[in-house]
>>> print(open('input-v4.pdb').read())   # PDB, C-alpha atoms
ATOM      1  CA  MET A   1       0.000   0.000   0.000  1.00  0.00           C
ATOM      2  CA  LEU A   2       2.824   2.387   0.881  1.00  0.00           C
ATOM      3  CA  HIS A   3       4.517   1.573  -2.424  1.00  0.00           C
ATOM      4  CA  GLN A   4       1.301   2.326  -4.325  1.00  0.00           C
ATOM      5  CA  ASN A   5       0.903   5.680  -2.534  1.00  0.00           C
ATOM      6  CA  ALA A   6       4.493   6.612  -3.359  1.00  0.00           C
ATOM      7  CA  LEU A   7       3.935   5.684  -7.004  1.00  0.00           C
ATOM      8  CA  LYS A   8       0.792   7.825  -7.129  1.00  0.00           C
ATOM      9  CA  ALA A   9       2.647  10.768  -5.602  1.00  0.00           C
ATOM     10  CA  TYR A  10       5.456  10.403  -8.133  1.00  0.00           C
ATOM     11  CA  GLU A  11       2.977  10.277 -11.031  1.00  0.00           C
ATOM     12  CA  GLN A  12       1.256  13.417  -9.702  1.00  0.00           C
ATOM     13  CA  VAL A  13       4.545  15.336  -9.494  1.00  0.00           C
ATOM     14  CA  GLU A  14       5.557  14.148 -12.967  1.00  0.00           C
ATOM     15  CA  GLN A  15       2.201  15.214 -14.422  1.00  0.00           C
ATOM     16  CA  GLU A  16       2.377  18.636 -12.744  1.00  0.00           C
ATOM     17  CA  PHE A  17       5.882  19.151 -14.135  1.00  0.00           C
ATOM     18  CA  MET A  18       4.737  18.219 -17.653  1.00  0.00           C
ATOM     19  CA  VAL A  19       1.891  20.720 -17.458  1.00  0.00           C
ATOM     20  CA  GLU A  20       3.925  23.548 -15.912  1.00  0.00           C
ATOM     21  CA  SER A  21       6.710  23.295 -18.467  1.00  0.00           C
ATOM     22  CA  ALA A  22       4.488  22.716 -21.510  1.00  0.00           C
ATOM     23  CA  SER A  23       3.794  25.122 -24.343  1.00  0.00           C
ATOM     24  CA  ARG A  24       0.181  25.970 -25.162  1.00  0.00           C
ATOM     25  CA  HIS A  25       0.330  23.507 -28.052  1.00  0.00           C
ATOM     26  CA  ARG A  26       1.654  20.741 -25.801  1.00  0.00           C
ATOM     27  CA  LEU A  27      -1.045  21.441 -23.187  1.00  0.00           C
ATOM     28  CA  ILE A  28      -3.721  20.786 -25.795  1.00  0.00           C
ATOM     29  CA  GLU A  29      -1.938  17.553 -26.760  1.00  0.00           C
ATOM     30  CA  ILE A  30      -1.945  16.515 -23.101  1.00  0.00           C
ATOM     31  CA  LEU A  31      -5.676  17.249 -22.878  1.00  0.00           C
ATOM     32  CA  PHE A  32      -6.387  15.174 -25.982  1.00  0.00           C
ATOM     33  CA  THR A  33      -4.322  12.282 -24.615  1.00  0.00           C
ATOM     34  CA  GLU A  34      -6.069  12.400 -21.264  1.00  0.00           C
ATOM     35  CA  LEU A  35      -9.497  12.717 -22.906  1.00  0.00           C
ATOM     36  CA  ILE A  36      -8.886   9.568 -24.951  1.00  0.00           C
ATOM     37  CA  ALA A  37      -7.661   7.770 -21.818  1.00  0.00           C
ATOM     38  CA  CYS A  38     -10.810   8.800 -19.925  1.00  0.00           C
ATOM     39  CA  ILE A  39     -13.009   7.479 -22.712  1.00  0.00           C
ATOM     40  CA  ASP A  40     -11.026   4.227 -22.704  1.00  0.00           C
ATOM     41  CA  ARG A  41     -11.571   3.916 -18.939  1.00  0.00           C
ATOM     42  CA  ALA A  42     -15.300   4.516 -19.408  1.00  0.00           C
ATOM     43  CA  LEU A  43     -15.415   1.866 -22.151  1.00  0.00           C
ATOM     44  CA  LEU A  44     -13.579  -0.563 -19.905  1.00  0.00           C
ATOM     45  CA  GLY A  45     -16.078   0.206 -17.151  1.00  0.00           C
ATOM     46  CA  ILE A  46     -18.874  -0.778 -19.523  1.00  0.00           C
ATOM     47  CA  GLU A  47     -17.009  -3.933 -20.564  1.00  0.00           C
ATOM     48  CA  VAL A  48     -16.520  -5.134 -16.980  1.00  0.00           C
ATOM     49  CA  ASN A  49     -19.908  -3.799 -15.826  1.00  0.00           C
ATOM     50  CA  ASN A  50     -18.384  -1.280 -13.414  1.00  0.00           C
ATOM     51  CA  GLN A  51     -20.763   1.687 -13.328  1.00  0.00           C
ATOM     52  CA  SER A  52     -18.458   3.675 -11.054  1.00  0.00           C
ATOM     53  CA  ALA A  53     -15.511   3.419 -13.472  1.00  0.00           C
ATOM     54  CA  ARG A  54     -17.748   4.291 -16.409  1.00  0.00           C
ATOM     55  CA  SER A  55     -19.160   7.329 -14.635  1.00  0.00           C
ATOM     56  CA  ALA A  56     -15.741   8.532 -13.488  1.00  0.00           C
ATOM     57  CA  GLY A  57     -14.348   8.248 -17.018  1.00  0.00           C
ATOM     58  CA  VAL A  58     -17.287  10.110 -18.548  1.00  0.00           C
ATOM     59  CA  SER A  59     -17.220  12.792 -15.850  1.00  0.00           C
ATOM     60  CA  LYS A  60     -13.538  13.532 -16.344  1.00  0.00           C
ATOM     61  CA  ALA A  61     -13.970  13.426 -20.132  1.00  0.00           C
ATOM     62  CA  LEU A  62     -16.702  16.063 -19.843  1.00  0.00           C
ATOM     63  CA  THR A  63     -14.386  18.280 -17.809  1.00  0.00           C
ATOM     64  CA  ILE A  64     -11.658  17.970 -20.435  1.00  0.00           C
ATOM     65  CA  VAL A  65     -14.065  18.697 -23.297  1.00  0.00           C
ATOM     66  CA  TYR A  66     -15.131  21.819 -21.405  1.00  0.00           C
ATOM     67  CA  SER A  67     -11.482  22.842 -20.994  1.00  0.00           C
ATOM     68  CA  LEU A  68     -10.812  22.329 -24.687  1.00  0.00           C
ATOM     69  CA  ARG A  69     -13.942  24.296 -25.621  1.00  0.00           C
ATOM     70  CA  THR A  70     -13.059  27.239 -23.376  1.00  0.00           C
ATOM     71  CA  SER A  71      -9.461  27.330 -24.650  1.00  0.00           C
ATOM     72  CA  LEU A  72     -10.549  28.208 -28.189  1.00  0.00           C
ATOM     73  CA  ASP A  73      -9.444  31.594 -29.521  1.00  0.00           C
ATOM     74  CA  PHE A  74     -12.330  32.682 -31.739  1.00  0.00           C
ATOM     75  CA  GLU A  75     -10.613  35.914 -32.797  1.00  0.00           C
ATOM     76  CA  ARG A  76      -7.523  34.257 -34.193  1.00  0.00           C
ATOM     77  CA  GLY A  77      -9.080  30.865 -34.936  1.00  0.00           C
ATOM     78  CA  GLY A  78     -11.954  31.993 -37.143  1.00  0.00           C
ATOM     79  CA  ASP A  79     -13.786  29.168 -38.895  1.00  0.00           C
ATOM     80  CA  VAL A  80     -11.497  26.511 -37.433  1.00  0.00           C
ATOM     81  CA  ALA A  81     -12.297  27.628 -33.881  1.00  0.00           C
ATOM     82  CA  ASN A  82     -16.012  27.669 -34.701  1.00  0.00           C
ATOM     83  CA  SER A  83     -15.823  24.155 -36.164  1.00  0.00           C
ATOM     84  CA  LEU A  84     -13.948  22.899 -33.111  1.00  0.00           C
ATOM     85  CA  ALA A  85     -16.519  24.547 -30.828  1.00  0.00           C
ATOM     86  CA  ASP A  86     -19.263  22.669 -32.675  1.00  0.00           C
ATOM     87  CA  LEU A  87     -17.288  19.443 -32.401  1.00  0.00           C
ATOM     88  CA  TYR A  88     -16.750  19.884 -28.658  1.00  0.00           C
ATOM     89  CA  ASP A  89     -20.450  20.669 -28.202  1.00  0.00           C
ATOM     90  CA  TRP A  90     -21.295  17.469 -30.089  1.00  0.00           C
ATOM     91  CA  ALA A  91     -18.827  15.485 -27.947  1.00  0.00           C
ATOM     92  CA  ARG A  92     -20.390  16.892 -24.780  1.00  0.00           C
ATOM     93  CA  ILE A  93     -23.868  15.892 -25.938  1.00  0.00           C
ATOM     94  CA  GLN A  94     -22.640  12.389 -26.796  1.00  0.00           C
ATOM     95  CA  LEU A  95     -20.914  11.990 -23.429  1.00  0.00           C
ATOM     96  CA  LEU A  96     -23.988  13.195 -21.554  1.00  0.00           C
ATOM     97  CA  GLY A  97     -26.107  10.816 -23.642  1.00  0.00           C
ATOM     98  CA  THR A  98     -24.189   7.794 -22.381  1.00  0.00           C
ATOM     99  CA  ASN A  99     -26.509   7.803 -19.364  1.00  0.00           C
ATOM    100  CA  LYS A 100     -29.532   7.365 -21.634  1.00  0.00           C
ATOM    101  CA  ASP A 101     -28.796   4.953 -24.443  1.00  0.00           C
ATOM    102  CA  ARG A 102     -26.063   3.350 -26.572  1.00  0.00           C
ATOM    103  CA  PRO A 103     -23.217   4.328 -24.197  1.00  0.00           C
ATOM    104  CA  GLU A 104     -20.581   2.201 -25.905  1.00  0.00           C
ATOM    105  CA  GLU A 105     -21.514   3.457 -29.376  1.00  0.00           C
ATOM    106  CA  ARG A 106     -21.463   7.085 -28.232  1.00  0.00           C
ATOM    107  CA  LEU A 107     -18.115   6.724 -26.456  1.00  0.00           C
ATOM    108  CA  LYS A 108     -16.524   5.036 -29.464  1.00  0.00           C
ATOM    109  CA  ALA A 109     -17.795   7.788 -31.788  1.00  0.00           C
ATOM    110  CA  VAL A 110     -16.321  10.509 -29.563  1.00  0.00           C
ATOM    111  CA  ARG A 111     -13.067   8.586 -29.183  1.00  0.00           C
ATOM    112  CA  THR A 112     -12.678   8.168 -32.947  1.00  0.00           C
ATOM    113  CA  THR A 113     -13.384  11.836 -33.646  1.00  0.00           C
ATOM    114  CA  ILE A 114     -11.128  13.137 -30.883  1.00  0.00           C
ATOM    115  CA  SER A 115      -8.344  10.788 -31.975  1.00  0.00           C
ATOM    116  CA  GLU A 116      -8.510  12.229 -35.497  1.00  0.00           C
ATOM    117  CA  ILE A 117      -8.424  15.806 -34.168  1.00  0.00           C
ATOM    118  CA  SER A 118      -5.571  14.890 -31.828  1.00  0.00           C
ATOM    119  CA  GLU A 119      -3.522  13.440 -34.689  1.00  0.00           C
ATOM    120  CA  ALA A 120      -4.103  16.558 -36.773  1.00  0.00           C
ATOM    121  CA  TRP A 121      -3.122  18.784 -33.845  1.00  0.00           C
ATOM    122  CA  SER A 122       0.050  16.784 -33.263  1.00  0.00           C
ATOM    123  CA  SER A 123       0.958  16.962 -36.927  1.00  0.00           C
ATOM    124  CA  ILE A 124       1.093  20.759 -36.879  1.00  0.00           C
ATOM    125  CA  GLY A 125       3.648  20.516 -34.076  1.00  0.00           C
ATOM    126  CA  GLY A 126       5.346  23.723 -33.055  1.00  0.00           C
ATOM    127  CA  THR A 127       3.757  25.827 -35.788  1.00  0.00           C
ATOM    128  CA  VAL A 128       1.172  27.081 -33.305  1.00  0.00           C
ATOM    129  CA  GLY A 129       1.739  28.650 -29.883  1.00  0.00           C
TER     130      GLY A 129
END
>>> encode(input="input-v4.pdb", output="structure tokens")
Amino acid sequence: MLHQNALKAYEQVEQEFMVESASRHRLIEILFTELIACIDRALLGIEVNNQSARSAGVSKALTIVYSLRTSLDFERGGDVANSLADLYDWARIQLLGTNKDRPEERLKAVRTTISEISEAWSSIGGTVG
């Protein structure tokens, strides 16, 4: 148990360091990575019939989608920012809908779309701040 607590503390410090030293572009990459991981945890929760894990994954995913949505720069981003806003709104609706019907289908759709956006974001690398 002590070993597990120490490992968790180390992971927390490592994550905080990554965030503090990251560029704006890298922060968005980190959010995409964590969003995909949250969706994967929610899908695993469905697979093993663990409602708590599913809910935790969806809840954190919603928080990240909100963070991504609020980080958009509509002045500089123009049509791209507007399209991403629409995409994040769609993702939020899909995530919220997992409590109603087709949770696995909705999660997989969001995961696929976010993965594509994440790959595109990564491909532009340091060309954005």
>>> resolve_selection(input="input-v4.pdb", expression="the PyMOL selection byres ((chain A and resi 43) around 9)", output="PDB file with C-alpha atoms, in the coordinates of the input")
ATOM      1  CA  CYS A  38     -10.810   8.800 -19.925  1.00  0.00           C
ATOM      2  CA  ILE A  39     -13.009   7.479 -22.712  1.00  0.00           C
ATOM      3  CA  ASP A  40     -11.026   4.227 -22.704  1.00  0.00           C
ATOM      4  CA  ARG A  41     -11.571   3.916 -18.939  1.00  0.00           C
ATOM      5  CA  ALA A  42     -15.300   4.516 -19.408  1.00  0.00           C
ATOM      6  CA  LEU A  44     -13.579  -0.563 -19.905  1.00  0.00           C
ATOM      7  CA  GLY A  45     -16.078   0.206 -17.151  1.00  0.00           C
ATOM      8  CA  ILE A  46     -18.874  -0.778 -19.523  1.00  0.00           C
ATOM      9  CA  GLU A  47     -17.009  -3.933 -20.564  1.00  0.00           C
ATOM     10  CA  VAL A  48     -16.520  -5.134 -16.980  1.00  0.00           C
ATOM     11  CA  ALA A  53     -15.511   3.419 -13.472  1.00  0.00           C
ATOM     12  CA  ARG A  54     -17.748   4.291 -16.409  1.00  0.00           C
ATOM     13  CA  GLY A  57     -14.348   8.248 -17.018  1.00  0.00           C
ATOM     14  CA  PRO A 103     -23.217   4.328 -24.197  1.00  0.00           C
ATOM     15  CA  GLU A 104     -20.581   2.201 -25.905  1.00  0.00           C
ATOM     16  CA  LEU A 107     -18.115   6.724 -26.456  1.00  0.00           C
ATOM     17  CA  LYS A 108     -16.524   5.036 -29.464  1.00  0.00           C
TER      18      LYS A 108
END
>>> closest_residue(input="input-v4.pdb", among="A:Ile117, A:Leu27, A:Ile124, A:Leu62", to="Leu87 of chain A", atoms="all atoms listed in the file")
A:Ile117
>>> atom_distance(input="input-v4.pdb", atom1="atom CA of Asn82 of chain A", atom2="atom CA of Ser55 of chain A")
28.7 Å
>>> closest_residue(input="input-v4.pdb", among="A:Ile64, A:Ser52, A:Ala81, A:Val58", to="Glu29 of chain A", atoms="all atoms listed in the file")
A:Ile64
>>> residues_around(input="input-v4.pdb", residues="Leu31 of chain A", least_positions_apart="3", cutoff="12 Å", atoms="all atoms listed in the file", output="compact mmCIF listing (two decimals) with C-alpha atoms, in the frame of the given file")
# COMPACT_ATOMS: atom_id res chain seq x y z
CA GLN A 15 2.20 15.21 -14.42
CA MET A 18 4.74 18.22 -17.65
CA VAL A 19 1.89 20.72 -17.46
CA ALA A 22 4.49 22.72 -21.51
CA ARG A 24 0.18 25.97 -25.16
CA HIS A 25 0.33 23.51 -28.05
CA ARG A 26 1.65 20.74 -25.80
CA LEU A 27 -1.04 21.44 -23.19
CA ILE A 28 -3.72 20.79 -25.80
CA GLU A 34 -6.07 12.40 -21.26
CA LEU A 35 -9.50 12.72 -22.91
CA ILE A 36 -8.89 9.57 -24.95
CA ALA A 37 -7.66 7.77 -21.82
CA CYS A 38 -10.81 8.80 -19.92
CA LYS A 60 -13.54 13.53 -16.34
CA ALA A 61 -13.97 13.43 -20.13
CA LEU A 62 -16.70 16.06 -19.84
CA THR A 63 -14.39 18.28 -17.81
CA ILE A 64 -11.66 17.97 -20.43
CA VAL A 65 -14.06 18.70 -23.30
CA TYR A 66 -15.13 21.82 -21.40
CA SER A 67 -11.48 22.84 -20.99
CA LEU A 68 -10.81 22.33 -24.69
CA ARG A 69 -13.94 24.30 -25.62
CA SER A 71 -9.46 27.33 -24.65
CA ILE A 114 -11.13 13.14 -30.88
CA SER A 115 -8.34 10.79 -31.98
CA ILE A 117 -8.42 15.81 -34.17
CA SER A 118 -5.57 14.89 -31.83
CA TRP A 121 -3.12 18.78 -33.84
CA SER A 122 0.05 16.78 -33.26
>>> closest_residue(input="input-v4.pdb", among="A:Ala85, A:Leu96, A:Ala91, A:Leu72", to="Thr113 of chain A", atoms="only C-alpha atoms")
A:Ala91
